[in-house]
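Note sheet for the following structure.
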Amino acid sequence: MAVYAIGDVQGCYPELQRLLEKLKFDSGADKLWFCGDLVNRGGESLATLRLIHSLRDSSIITLGNHDLSLLAIGQRRDDAKARVNPELREVLFAEDAGVLLEWLRTQKLLHHDESLGWTMLHAGLAPSWTLRQAQRVAMDVERELGSPRHGRLLRNLFGNRPAGWGNRLQGVDRHRAAINTFTRMRYCDVSGRIDFESKGTPGTQKPGMYPWFEVPGMKKRETRIVCGHWSSLGRFAGLGVWCIDTGCVWGGQLTALRLDTPEPEYITVQAESFRTKPKDGGD
């Protein structure tokens, strides 16, 4: 059995197909871990969701900011849904939209495999969190998303306040801070306050901000972490963290990282030739 983590797909359906072929993926024996942002910007989000949904018995997914945004838009009235970009409209008005969105809503924010010694999430962790605390925070949000109360959370999803995690936060503020940390963080200060604007490579951030995985005084977590979200950072391995958003949607690569080998192994496919790099560093 092989276990592969796959970086941000973002609707890049042909590249995902080619990557699975290159992996010689066997759904009866192998496992896929998706680091989130399955949808948006690649052009074929509906086909991507349908493919990953068909592999759901062999897949583990952590939600990204684009996935949660799709779920939030799915709570709106049809006239509001009709105003989003064509790629997401195709998902929202598909005949199987209900099935796909309900399935997506029940996915994780954090996945930890004790036997492999790997943890997966989309973006980052608060510097004050141990692995155990991060698991508790993630499970709290996952329960809310999977409950009949999910509409309230998704309707109040968007916003940069509070700017970081605090143990005393309650209700929607607590859930929003957790979601922003798990799905939007790149840089933060020593207290965990997120810089939502900076998207560039380390060295370009504002004074007092650090990549989330090298904040001074951060808690030790005793696990290897694989994540996505940061396309301008690209492929990165260090400090116990493997970042595998290699910017497929922006003309880079779609990357898989094999997790069950003594040393992690990279497998990549090149983006389709029509994809172009963003002016703003992507998201």
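Please note that chains go A, B, ... in the order of the structure tokens, that every chain numbers its residues from 1, and that ligands are numbered from 1 in the order shown.
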### Message
List the spatial neighbours of stretch 125-132 of chain A as a PyMOL selection string - criterion: any atom at most 10 Å away, only C-alpha atoms, same-chain residues fewer than 6 positions off excluded.
### Response
chain A and resi 110+112+119+138+164-167+177-178+180-186+188-194+212-223
Those same residues - C-alpha atoms - I'd like them written as a compact mmCIF listing (two decimals), in the first residue's frame.
```
# COMPACT_ATOMS: atom_id res chain seq x y z
CA LEU A 110 -6.76 18.39 10.19
CA HIS A 112 -3.25 12.93 11.88
CA THR A 119 -0.30 15.26 9.96
CA ALA A 138 -10.24 21.10 14.35
CA GLY A 164 -5.69 35.19 15.41
CA TRP A 165 -6.51 32.34 17.71
CA GLY A 166 -7.31 32.89 21.39
CA ASN A 167 -8.38 30.23 23.88
CA ALA A 177 -10.37 32.16 13.99
CA ALA A 178 -9.77 28.41 13.82
CA ASN A 180 -8.61 31.20 9.22
CA THR A 181 -5.64 29.59 10.95
CA PHE A 182 -6.10 26.18 9.35
CA THR A 183 -6.94 27.46 5.85
CA ARG A 184 -5.51 30.96 5.33
CA MET A 185 -2.34 31.33 7.40
CA ARG A 186 1.06 31.95 5.85
CA CYS A 188 1.81 35.39 11.75
CA ASP A 189 3.41 37.11 14.73
CA VAL A 190 4.50 35.43 17.95
CA SER A 191 0.97 35.66 19.36
CA GLY A 192 -0.55 34.00 16.29
CA ARG A 193 -2.03 37.16 14.76
CA ILE A 194 -2.28 36.43 11.02
CA TRP A 212 3.90 30.03 10.59
CA PHE A 213 6.29 27.07 10.88
CA GLU A 214 9.22 29.09 12.25
CA VAL A 215 7.66 31.44 14.79
CA PRO A 216 10.02 31.93 17.77
CA GLY A 217 8.81 30.02 20.82
CA MET A 218 6.22 27.95 18.96
CA LYS A 219 5.05 24.71 20.54
CA LYS A 220 6.74 21.45 19.56
CA ARG A 221 4.33 19.05 17.85
CA GLU A 222 6.32 15.81 17.40
CA THR A 223 4.83 15.08 13.97
```
### Task
Among the residues of stretch 108-174 of chain A, find those DSSP assigns to strand (DSSP E or B) from the backbone and print them as a PyMOL selection string.
chain A and resi 108+110-113+118-121
### Task
Could you check how far atom CA of A:Leu38 sits from atom CA of A:Pro262, in Å to one decimal?
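Separation between atom CA of A:Leu38 and atom CA of A:Pro262: 27.8 Å.
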### Query
Residues at most 7 Å from A:Gly36, counting only C-alpha atoms, excluding those fewer than 4 positions away in the same chain, as JSON, numbers by chain?
{"A": [8, 61, 62, 63, 64, 122]}
### Task
Find the residues near A:Arg155: any atom within 9 Å, counting only C-alpha atoms, skip ones fewer than 6 places away on the same chain, and give them as a list in words.
Ala72, Ile73, Gln75 and Arg76 of chain A
#### Entry: Contact residues around A:Arg235 with only C-alpha atoms at 12 Å, ignoring same-chain residues under 5 positions, as a VMD selection string
chain A and resid 6 to 8 201 226 to 230 241 to 248 252 to 257 266 to 268
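What separates atom CA of A:Trp33 from atom CA of A:Tyr4 is a distance of 5.9 Å.
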### Query
Could you name the residues that touch A:Ile60 at 12 Å or less, counting only C-alpha atoms, but leaving out those on the same chain fewer than 3 positions away, as a ChimeraX atom specification?
/A:3-6,30-36,52-53,55-57,63,103-104,106-113,119-121
### Separation of atom CA of A:Phe93 from atom CA of A:Asn40 in Å
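If I compute the distance from atom CA of A:Asn40 to atom CA of A:Phe93, I get 14.9 Å.
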### Query
Quick one: of A:Gly151, A:Gly240, A:Pro207, A:Gly159, who's nearest to A:Glu102, counting only C-alpha atoms?
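Of A:Gly151, A:Gly240, A:Pro207, A:Gly159, the one nearest A:Glu102, counting only C-alpha atoms, is A:Gly151.
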### Task
Give me every alpha helix (DSSP H) residue in stretch 159-265 of chain A, going by DSSP on the backbone, as number ranges by chain.
A: 171-184
Next, dump the selected residues to file, keeping only N, CA and C atoms, as a compact mmCIF listing (two decimals), in the first residue's frame.
```
# COMPACT_ATOMS: atom_id res chain seq x y z
N GLY A 171 -18.04 30.85 20.30
CA GLY A 171 -19.03 30.91 19.22
C GLY A 171 -18.43 31.06 17.84
N VAL A 172 -19.07 31.90 17.02
CA VAL A 172 -18.64 32.08 15.63
C VAL A 172 -17.23 32.65 15.56
N ASP A 173 -16.88 33.57 16.48
CA ASP A 173 -15.52 34.11 16.47
C ASP A 173 -14.48 33.02 16.66
N ARG A 174 -14.76 32.09 17.54
CA ARG A 174 -13.83 30.99 17.79
C ARG A 174 -13.69 30.12 16.54
N HIS A 175 -14.81 29.80 15.92
CA HIS A 175 -14.77 28.96 14.73
C HIS A 175 -14.09 29.68 13.56
N ARG A 176 -14.38 30.98 13.39
CA ARG A 176 -13.76 31.72 12.29
C ARG A 176 -12.25 31.82 12.50
N ALA A 177 -11.81 32.08 13.73
CA ALA A 177 -10.37 32.16 13.99
C ALA A 177 -9.69 30.82 13.71
N ALA A 178 -10.33 29.74 14.09
CA ALA A 178 -9.77 28.41 13.82
C ALA A 178 -9.69 28.16 12.32
N ILE A 179 -10.76 28.44 11.59
CA ILE A 179 -10.79 28.21 10.16
C ILE A 179 -9.74 29.07 9.45
N ASN A 180 -9.62 30.34 9.85
CA ASN A 180 -8.61 31.20 9.22
C ASN A 180 -7.20 30.67 9.46
N THR A 181 -6.96 30.14 10.65
CA THR A 181 -5.64 29.59 10.95
C THR A 181 -5.37 28.34 10.12
N PHE A 182 -6.30 27.43 10.09
CA PHE A 182 -6.10 26.18 9.35
C PHE A 182 -6.07 26.37 7.84
N THR A 183 -6.77 27.39 7.31
CA THR A 183 -6.94 27.46 5.85
C THR A 183 -6.39 28.71 5.19
N ARG A 184 -5.96 29.72 5.96
CA ARG A 184 -5.51 30.96 5.33
C ARG A 184 -4.13 31.43 5.79
```
